[in-house]
$ cat entry33.json   # JSON, C-alpha atoms
[["chain", "number", "residue", "atom", "x", "y", "z"],
["S", 63, "ASP", "CA", -1.01, -21.51, -7.07],
["S", 64, "LEU", "CA", -2.87, -18.22, -6.95],
["S", 65, "LEU", "CA", -3.22, -15.36, -9.43],
["S", 66, "ILE", "CA", -3.31, -12.10, -7.45],
["S", 67, "ARG", "CA", -4.39, -8.79, -9.06],
["S", 68, "VAL", "CA", -2.09, -6.28, -7.38],
["S", 69, "ASN", "CA", -3.55, -3.05, -5.99],
["S", 70, "LYS", "CA", -1.17, -0.22, -6.73],
["S", 71, "GLY", "CA", -0.51, 1.82, -3.60],
["S", 72, "GLU", "CA", -1.31, 5.48, -3.44],
["S", 73, "ALA", "CA", 1.55, 7.89, -4.03],
["S", 74, "LYS", "CA", -0.10, 10.42, -1.69],
["S", 75, "THR", "CA", -1.58, 10.26, 1.78],
["S", 76, "GLU", "CA", -5.16, 11.39, 2.44],
["S", 77, "SER", "CA", -3.81, 14.78, 3.56],
["S", 78, "GLY", "CA", -1.89, 15.23, 0.28],
["S", 79, "LEU", "CA", 1.67, 14.35, 1.37],
["S", 80, "ILE", "CA", 3.69, 12.57, -1.30],
["S", 81, "ILE", "CA", 5.03, 9.15, -0.25],
["S", 82, "SER", "CA", 8.57, 8.48, -1.45],
["S", 83, "ALA", "CA", 9.39, 5.31, -3.36],
["S", 84, "LYS", "CA", 11.99, 4.46, -0.71],
["S", 85, "THR", "CA", 9.28, 4.38, 1.98],
["S", 86, "LYS", "CA", 7.13, 2.01, -0.05],
["S", 87, "GLU", "CA", 10.04, -0.27, -0.92],
["S", 88, "ASN", "CA", 9.54, -2.84, 1.86],
["S", 89, "GLU", "CA", 5.77, -2.69, 2.17],
["S", 90, "PRO", "CA", 3.85, -5.93, 1.62],
["S", 91, "VAL", "CA", 1.58, -6.20, -1.41],
["S", 92, "ILE", "CA", -2.21, -6.08, -1.13],
["S", 93, "GLY", "CA", -4.29, -7.63, -3.87],
["S", 94, "VAL", "CA", -7.33, -9.66, -4.81],
["S", 95, "VAL", "CA", -7.29, -13.34, -5.78],
["S", 96, "ASP", "CA", -8.52, -13.51, -9.39],
["S", 97, "ALA", "CA", -7.91, -17.25, -9.85],
["S", 98, "ARG", "CA", -6.69, -20.23, -7.86],
["S", 99, "GLY", "CA", -5.49, -23.73, -8.49],
["S", 100, "PRO", "CA", -7.13, -26.83, -7.06],
["S", 101, "GLY", "CA", -4.51, -27.58, -4.40],
["S", 102, "GLY", "CA", -3.59, -31.25, -4.64],
["S", 103, "ASN", "CA", -0.50, -33.23, -3.79],
["S", 104, "ILE", "CA", 2.69, -31.18, -3.43],
["S", 105, "ASP", "CA", 5.93, -32.83, -2.30],
["S", 106, "GLY", "CA", 3.98, -35.87, -1.12],
["S", 107, "LYS", "CA", 1.60, -33.83, 1.05],
["S", 108, "ASP", "CA", -2.08, -33.11, 0.40],
["S", 109, "VAL", "CA", -2.62, -29.36, 0.16],
["S", 110, "LYS", "CA", -6.11, -27.89, 0.59],
["S", 111, "MET", "CA", -6.70, -24.43, -0.86],
["S", 112, "TYR", "CA", -7.99, -22.15, 1.90],
["S", 113, "VAL", "CA", -7.85, -18.96, -0.14],
["S", 114, "GLU", "CA", -10.89, -18.34, -2.34],
["S", 115, "THR", "CA", -11.34, -16.35, -5.54],
["S", 116, "GLY", "CA", -12.28, -12.77, -4.60],
["S", 117, "ASP", "CA", -10.41, -12.80, -1.26],
["S", 118, "LYS", "CA", -8.36, -9.69, -0.48],
["S", 119, "VAL", "CA", -4.90, -10.83, 0.63],
["S", 120, "ILE", "CA", -1.54, -9.53, 1.79],
["S", 121, "ILE", "CA", 1.55, -11.16, 0.32],
["S", 122, "ASN", "CA", 5.28, -10.60, 0.64],
["S", 123, "LYS", "CA", 6.51, -8.10, -1.95],
["S", 124, "TYR", "CA", 9.24, -10.44, -3.20],
["S", 125, "ALA", "CA", 7.09, -13.59, -3.40],
["S", 126, "GLY", "CA", 6.04, -15.17, -6.65],
["S", 127, "THR", "CA", 6.32, -14.07, -10.25],
["S", 128, "ASP", "CA", 5.28, -10.60, -11.49],
["S", 129, "ILE", "CA", 3.33, -10.37, -14.75],
["S", 130, "SER", "CA", 1.35, -7.69, -16.60],
["S", 131, "PHE", "CA", -1.65, -8.49, -18.75],
["S", 132, "GLU", "CA", -3.96, -6.04, -20.50],
["S", 133, "GLY", "CA", -2.63, -3.12, -18.45],
["S", 134, "LYS", "CA", -3.08, -4.81, -15.05],
["S", 135, "ASP", "CA", -0.33, -6.05, -12.71],
["S", 136, "TYR", "CA", -0.53, -9.57, -11.31],
["S", 137, "LYS", "CA", 1.55, -11.91, -9.16],
["S", 138, "ILE", "CA", 1.51, -15.68, -9.36],
["S", 139, "VAL", "CA", 2.19, -17.01, -5.87],
["S", 140, "SER", "CA", 1.88, -20.16, -3.84],
["S", 141, "GLN", "CA", -0.70, -20.27, -1.05],
["S", 142, "ARG", "CA", 2.15, -20.41, 1.48],
["S", 143, "ASP", "CA", 3.21, -16.88, 0.37],
["S", 144, "VAL", "CA", -0.09, -15.39, 1.61],
["S", 145, "LEU", "CA", 0.57, -13.53, 4.86],
["S", 146, "ALA", "CA", -3.08, -12.75, 5.64],
["S", 147, "VAL", "CA", -6.60, -12.72, 4.25],
["S", 148, "ILE", "CA", -8.30, -9.37, 4.87],
["S", 149, "CYS", "CA", -11.97, -9.64, 5.84]]

$ encode --input "entry33.json" --output "structure tokens"
Amino acid sequence: DLLIRVNKGEAKTESGLIISAKTKENEPVIGVVDARGPGGNIDGKDVKMYVETGDKVIINKYAGTDISFEGKDYKIVSQRDVLAVIC
């Protein structure tokens, strides 16, 4: 499993237009991997962790479990919920 620190999206565009909450509703979540598990054996299959701590990733908005800790928002997700690693 991965602990992702969620980047809160901007409520305004660069030109100053306000983005409605409805528009942002279905957007994927971008965040940074703060911690990761070792992988291991899941459902009888060996799983190698390809995502590293510090990677910037895109995950599905509805994936995982949302938590808040010390004023920061996090998601706990499985590696299979990562849509992309941003280089």

$ closest_residue --input "entry33.json" --among "S:Lys70, S:Arg98, S:Gly93, S:Ser77" --to "Val113 (chain S)" --atoms "only C-alpha atoms"
S:Arg98

$ residues_around --input "entry33.json" --residues "Val119 (chain S)" --least-positions-apart "2" --cutoff "7 Å" --atoms "all atoms listed in the file" --output "list in words"
Ile92, Gly93, Val94, Asp117, Ile121, Val144, Ala146, Val147 and Ile148 of chain S

$ closest_residue --input "entry33.json" --among "S:Arg142, S:Val68, S:Leu79, S:Gly133" --to "Gly101 (chain S)" --atoms "all atoms listed in the file"
S:Arg142

$ closest_residue --input "entry33.json" --among "S:Ile129, S:Leu65, S:Leu145, S:Ile138" --to "Asp96 (chain S)" --atoms "all atoms listed in the file"
S:Leu65

$ residues_near_point --input "entry33.json" --point "(-8.3, -26.0, -8.3)" --cutoff "12 Å" --atoms "only C-alpha atoms" --output "ChimeraX atom specification"
/S:63-65,97-103,109-115,141

$ write_last_selection --input "entry33.json" --atoms "C-alpha atoms" --output "PDB file, keeping the file's coordinate frame"
ATOM      1  CA  ASP S  63      -1.010 -21.510  -7.070  1.00  0.00           C
ATOM      2  CA  LEU S  64      -2.870 -18.220  -6.950  1.00  0.00           C
ATOM      3  CA  LEU S  65      -3.220 -15.360  -9.430  1.00  0.00           C
ATOM      4  CA  ALA S  97      -7.910 -17.250  -9.850  1.00  0.00           C
ATOM      5  CA  ARG S  98      -6.690 -20.230  -7.860  1.00  0.00           C
ATOM      6  CA  GLY S  99      -5.490 -23.730  -8.490  1.00  0.00           C
ATOM      7  CA  PRO S 100      -7.130 -26.830  -7.060  1.00  0.00           C
ATOM      8  CA  GLY S 101      -4.510 -27.580  -4.400  1.00  0.00           C
ATOM      9  CA  GLY S 102      -3.590 -31.250  -4.640  1.00  0.00           C
ATOM     10  CA  ASN S 103      -0.500 -33.230  -3.790  1.00  0.00           C
ATOM     11  CA  VAL S 109      -2.620 -29.360   0.160  1.00  0.00           C
ATOM     12  CA  LYS S 110      -6.110 -27.890   0.590  1.00  0.00           C
ATOM     13  CA  MET S 111      -6.700 -24.430  -0.860  1.00  0.00           C
ATOM     14  CA  TYR S 112      -7.990 -22.150   1.900  1.00  0.00           C
ATOM     15  CA  VAL S 113      -7.850 -18.960  -0.140  1.00  0.00           C
ATOM     16  CA  GLU S 114     -10.890 -18.340  -2.340  1.00  0.00           C
ATOM     17  CA  THR S 115     -11.340 -16.350  -5.540  1.00  0.00           C
ATOM     18  CA  GLN S 141      -0.700 -20.270  -1.050  1.00  0.00           C
TER      19      GLN S 141
END

$ atom_distance --input "entry33.json" --atom1 "CA of Arg67 (chain S)" --atom2 "CA of Glu132 (chain S)"
11.8 Å

$ atom_distance --input "entry33.json" --atom1 "CA of Ile66 (chain S)" --atom2 "CA of Val139 (chain S)"
7.5 Å

$ atom_distance --input "entry33.json" --atom1 "CA of Lys118 (chain S)" --atom2 "CA of Asn69 (chain S)"
9.9 Å
